[in-house]
Structures are given as C-alpha cells and as structure tokens.
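K.L.:
Right, I'll just put the structure down here and ask away after.
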There are 2 protein chains.
Amino acid sequence: MADRAAASPARELGLFALPGFPLVGRGDDLAGLTAQGLDEAGLRLRPDDVLVFAQKVVSKAEGREVDLKSVTPGSRATELAGIVQKDPRLVELVLRESRRVVRASKDVLIVEHRLGFVMANAGIDQSNVRAEHSADYALLLPEDPDASAQRLRQRLASLTGCAPGVLINDSFGRPWRLGTVGVAIGCAGLPAVLDLRGQADLLGRPLRVTVVGHADEIASAASLLMGQAAEARPVVLVRGLTANAAAQPALALIRPSQEDLFR
Amino acid sequence: MADRAAASPARELGLFALPGFPLVGRGDDLAGLTAQGLDEAGLRLRPDDVLVFAQKVVSKAEGREVDLKSVTPGSRATELAGIVQKDPRLVELVLRESRRVVRASKDVLIVEHRLGFVMANAGIDQSNVRAEHSADYALLLPEDPDASAQRLRQRLASLTGCAPGVLINDSFGRPWRLGTVGVAIGCAGLPAVLDLRGQADLLGRPLRVTVVGHADEIASAASLLMGQAAEARPVVLVRGLTANAAAQPALALIRPSQEDLFR
C-alpha cells in the first residue's frame, strides 16, 4: 500500500478491496465488519477516503431478501411475465418496486424504480442470494440507499473517529452500449454530481462539459475490483479523490424526467 | 469461501496521471511524450498496465481540428441548427460525422456517429481547441479511435519494450442519469467487454450479470483523474487490472441496433 499520494493527491488514485470479508446476512453490522477489515489490512481511514459498498451486501444486511413462495403474482404481473418470459412472482416484485414500465420485451424488463432509477428488473437480483434455494429467493434494493449510505457513514465515524464518503454501487445496463457498468445508488459525504459551470478550461474559455457524474465514475472504478462474483470483495476503499463540492445524495444523479428524451 | 490471499494484485488498483504533459498539437508524438512522462515519473511499463488517453489529445495529434470558417452548412444543417440552437457550421460537421440523428431539441443534438457511438454532437468539441479563436475551431473524434489506440500501443512497445493496453476515452452523457462519465472510444490490447457467461457465483450458480463493460469502467476511473479541464492530465496509467480475456476493439462496446430498445 503506497503512500505516494502525499506530493500531489489529485494526480494519483488508489483502490483497495477489503480482504477476508465474510458472507453477509440480515442484521450484520457492515460498518463494523468494514472497520475490522480496514484494521486487518493496516488501513487507517482518512476524511477524503470513499468507501464503496456493493448493493448486494447492503441489501442482505438490511434483510431485503424475499421468499418467492410468499409472492402471489397479480394479473398484470402474469401478463407481463408472458412477454418478458420471466417468473411471474419475480415480475410481481419488480412491479411493486417500480413506478412504471419503461420497456418490456423478451428477456428485457426495464422499469423506473420507485426511487427514480431507470434500470432492469428494479435491481432485483436472483444470484448469490441463498445457497439452498437460489431460484426461490430474490433480493431487493435497499429501502432507501442514500439513507443506508448515511447510516454506514455515521457508524464508521463512531467506530473509527473518521467519517469517510460512502457509496453504494450496483451494475446497470445501458442503452446503446453493451455490458453493465457500476453506478451509484446511494451516496453520503461526497458530491454525487460535479457542476463545473462557470469554470474555465486551460485556455480560459468556459468548459463544454459542465456536469460530471462523479459518484458514478467512482462506482465504476470500484466495480473493477469487485468483479461480478462480487460477494468476496464487496467493499472497496478509494483514496486520493479531491473533488471539492457540497455532498449530495445519489438521487441527484437522476435526470429529471422533463429533461429526459428517452423515457 | 474461496481462498483469498491478502496481497493478490487484483485487490488493488493504482491510477497515476502523467505529470507535466505539454499542450499537444498536430503531428506530435503522443507515445513519445508518454514514454518520456513515464520515465520522468519513475514509472516503468508492465504488460498488464493500461494507458488511458483523453480523446482530445489524440484528436489534436491527428490534426482533427476544423476551421469553422471553412464549413458551409447545407440546408439540412441550417434547419437542424434552428431546432437545436447551435452554430449551423457545427451542425453541418456533426451531420458529416454521423449516420443519423437520434434526438434533436433545444440545446440537445444526439446522433449515431459514423462509427456507431450514440453521443451528443458526434463528439465534436469546441473548448480547449485553440487559444486565439475558440469559437471558430472544432475538434472531431479521431478518424478511427481503435486504430489510433493500436498505433499508440505499437509505438509504446517499440519505445519502451513493453506493449501496454491502450484506451482512448471521452465523456458521454446518458439517458436517465445526470452528468457525463468517461467511456472508451478506442481500445487495443485489452478486452473491451468481459463476457462472464458460464461462470458461477460464489455459491456455484450462474451469474445474473454476464457481460461487463470493462473498458468503460476503466475509462470512467481514468476520467476521475483527468478532470474536465483535461488537457493538463490527458494520460493516466492504470495498474493492477487482471481481466484475463481476449483483446477487443472499443467497437465491441456498441450494442447492435437490433438488440437496442432505445434507438
């Protein structure tokens, strides 16, 4: 673990996946496990550090597993399940977690999640949920990922004496481009969006690109270390960020629908 | 739980912006400047390293500046310029660089670039182009960014004895989410997309998310260091990536239009 950032912090970024993270279950103290993992790795938190948590472990710690046997699909879910060719009980859960369906076709169900995220399957996950009955359990997004990030931040502060930035990331597909990338669904203690309006470029002219999806770029960077078999490495420390702006929740990353040409 | 060694390289990622990069102009040897910058920073290239170049410096080195005074807008550009409220000469260039217009409204012109990227203004940039006449010059994307990446890789190999992965990144806006994020428009010597189909999760079940936009995640990570006043830090070294898959061009990241529900 280098300490080369000292000379010019903005020139260098270090990402570290916490080793030895256990499988997480309902009620587990994620912040406590993280503080312990940092300690074992010899890492002492700094105020500019950002800790990125995989959505899956946050949802599990918050008990967001649902037994599909407990779900009775309504007529709308049953009809939609025929179109997208998914389990009607899963589709029922997707609808309960959503404001509306954006696109539905074979194998594809893109919705506007109740929090505003436009995403596949309302972020509901069926892999890595339980060892015994994989097909019978689904995992929902945290109830309020921004609040989850805030709680993790506060608990980390009380455990370590230092309040880092906290992100919760998930993998989203995208129109036009193949492959998922990490995006931020929860954010505390750092700016989700950087608004550079009014700033000048190197030659003194106003910048063309003025709003940057800062937390999404961090979420993607962390995703490179988490991989997709992600429960082994669900927490990544990002060190060296220097964005100087007010903290915002991840909901600030959602484009207002009246400005969106693709809803 | 799988064996997880404490010091596995996949647990740690380092990003380093090359210091002291000069302003780049037509014909400049980007690979040579990069080799020199690495040398000055005391960094010796390793085969798993990835070097990320900002599109802007690649375009400038390739002489992709256009004097807008040399551009005569056609009737279609003039009409469209009225809708989007942009310079008709710029709109003419956008149309020449594009296959078709995807969305056009006030301040927004999203096209399918001739290479397939769906992006604003065909990636044409008007800031940071020239000191003297900012409003009169535009900067196009490289003619073939994958070929540019390949050339940079080969030239770096001949200069340093080591062929790193090479990405060219740009900032793209997105539907549904605010703010731009770095994406890969050129790629050589590394996989643009990771296809995990057939791989199992920690509990032995097939992974739900099976295709990852690997090069886009790297491009976003590098963008965190480049910032938006990016010419001062146009080259970022990424160290610690361990993706083990065949190299592909960045065009592999473009979703085939028949699979795309948002064209």
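Simple scheme: letters A, B, ... for chains in structure tokens order, numbers from 1 for residues in each chain, numbers from 1 for ligands in the order shown.
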Quick check for you: according to DSSP on this backbone, which residues of region 210-249 of chain B are classed as helix (DSSP H, G or I)? Reply as number ranges by chain.

P.N.:
B: 214-226, 230-232

K.L.:
Include C-alpha atoms and write out the residues we just selected as a compact mmCIF listing (two decimals), in the first residue's frame.

P.N.:
```
# COMPACT_ATOMS: atom_id res chain seq x y z
CA HIS B 214 -14.88 -3.44 -18.74
CA ALA B 215 -13.17 -0.76 -20.86
CA ASP B 216 -15.90 1.75 -20.00
CA GLU B 217 -15.32 1.17 -16.29
CA ILE B 218 -11.59 1.77 -16.79
CA ALA B 219 -12.36 4.87 -18.87
CA SER B 220 -14.55 6.25 -16.06
CA ALA B 221 -11.88 5.53 -13.46
CA ALA B 222 -9.26 7.39 -15.51
CA SER B 223 -11.66 10.26 -16.03
CA LEU B 224 -11.65 10.85 -12.25
CA LEU B 225 -8.02 11.94 -12.56
CA MET B 226 -8.24 13.76 -15.87
CA ALA B 230 -8.37 17.77 -19.00
CA GLU B 231 -5.54 18.82 -21.19
CA ALA B 232 -3.24 19.21 -18.22
```

K.L.:
Leaving out Phe117 (chain A) and any residue of its chain fewer than 2 positions from it, which residues lie within 10 Å of it when counting only C-alpha atoms, given as JSON, numbers by chain?

P.N.:
{"A": [98, 99, 111, 112, 113, 114, 115, 119, 120, 122, 123, 172, 185, 250, 251, 253, 254, 255], "B": [176, 177]}

K.L.:
In Å, rounded to a single decimal, give me how far CA of Ile110 (chain B) is from CA of Ala252 (chain B).

P.N.:
20.5 Å

K.L.:
On all C-alpha atoms matched in order, how well does chain A superpose onto chain B? Give the RMSD in Å.

P.N.:
3.1 Å

K.L.:
What does the distance between CA of Arg64 (chain A) and CA of Leu196 (chain B) come to in Å, to one decimal place?

P.N.:
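Interatomic distance here is 25.9 Å.
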
K.L.:
Out of A:Gly20, A:Ile124, A:Ala35, A:Val71, which residue has the shortest atom-to-atom distance to chain B when counting only C-alpha atoms?

P.N.:
A:Gly20

K.L.:
For Pro19 (chain B), which of B:Leu45, B:Leu33, B:Val211, B:Ala81 is the closest residue, counting only C-alpha atoms?

P.N.:
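Of B:Leu45, B:Leu33, B:Val211, B:Ala81, the one nearest Pro19 (chain B) is B:Leu33, counting only C-alpha atoms.
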
K.L.:
Could you tell me how far CA of Leu167 (chain B) sits from CA of Gly37 (chain B), in Å to one decimal place?

P.N.:
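It comes out at 17.2 Å.
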
K.L.:
Please identify all polymer residues within 12 Å of Ala247 (chain A), counting only C-alpha atoms, omitting same-chain residues fewer than 3 positions from it, and present them as a VMD selection string.

P.N.:
chain A and resid 146 150 164 to 167 186 to 195 214 to 215 243 to 244 250 to 252

K.L.:
I need the strand (DSSP E or B) residues of region 8-228 of chain A per DSSP on the backbone, written as a PyMOL selection string.

P.N.:
chain A and resi 12-17+50-54+65-67+98-105+108-113+118-120+125+137-139+165-172+177+180-188+194-195+200+206+211-212

K.L.:
Name the closest residue to chain B among the candidates A:Ser158, A:Gln126, A:Gln85, A:Asn121; distances are taken between atoms, counting only C-alpha atoms.

P.N.:
A:Gln126

K.L.:
Could you name the residues that touch Lys60 (chain A) at 8 Å or less, counting only C-alpha atoms, but leaving out those on the same chain fewer than 5 positions away, as a PyMOL selection string?

P.N.:
chain A and resi 24-26+65+139

K.L.:
Nearest residue to chain A out of B:Val181, B:Val91, B:Ala54, B:Leu140, using only C-alpha atoms?

P.N.:
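Answer, going by the shortest atom-to-atom distance: B:Val181.
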
K.L.:
Of the candidates A:Arg197, A:Arg96, A:Arg46, A:Arg103, which shows the shortest atom-to-atom distance to chain B, using only C-alpha atoms?

P.N.:
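So, comparing all the options, the nearest one is A:Arg103.
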
K.L.:
From the set B:Val57, B:Ser105, B:Leu15, B:Gly63, which residue has the shortest atom-to-atom contact distance to Glu79 (chain B), counting only C-alpha atoms?

P.N.:
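For Glu79 (chain B), the nearest of the candidates is B:Ser105.
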
K.L.:
Fewer than 3 positions away in the same chain doesn't count, so skip those; otherwise give me all residues within 9 Å of Asp107 (chain A), counting only C-alpha atoms, as an mmCIF file with C-alpha atoms, in the first residue's frame.

P.N.:
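Output below, filename around31.cif:
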```cif
data_model
loop_
_atom_site.group_PDB
_atom_site.id
_atom_site.type_symbol
_atom_site.label_atom_id
_atom_site.label_comp_id
_atom_site.auth_asym_id
_atom_site.auth_seq_id
_atom_site.Cartn_x
_atom_site.Cartn_y
_atom_site.Cartn_z
ATOM 1 C CA ILE A 83 -43.994 -11.009 -22.572
ATOM 2 C CA VAL A 84 -40.621 -10.901 -20.835
ATOM 3 C CA GLN A 85 -40.540 -14.648 -20.142
ATOM 4 C CA LYS A 86 -39.602 -14.357 -16.501
ATOM 5 C CA ALA A 104 -40.636 -4.782 -21.906
#
```
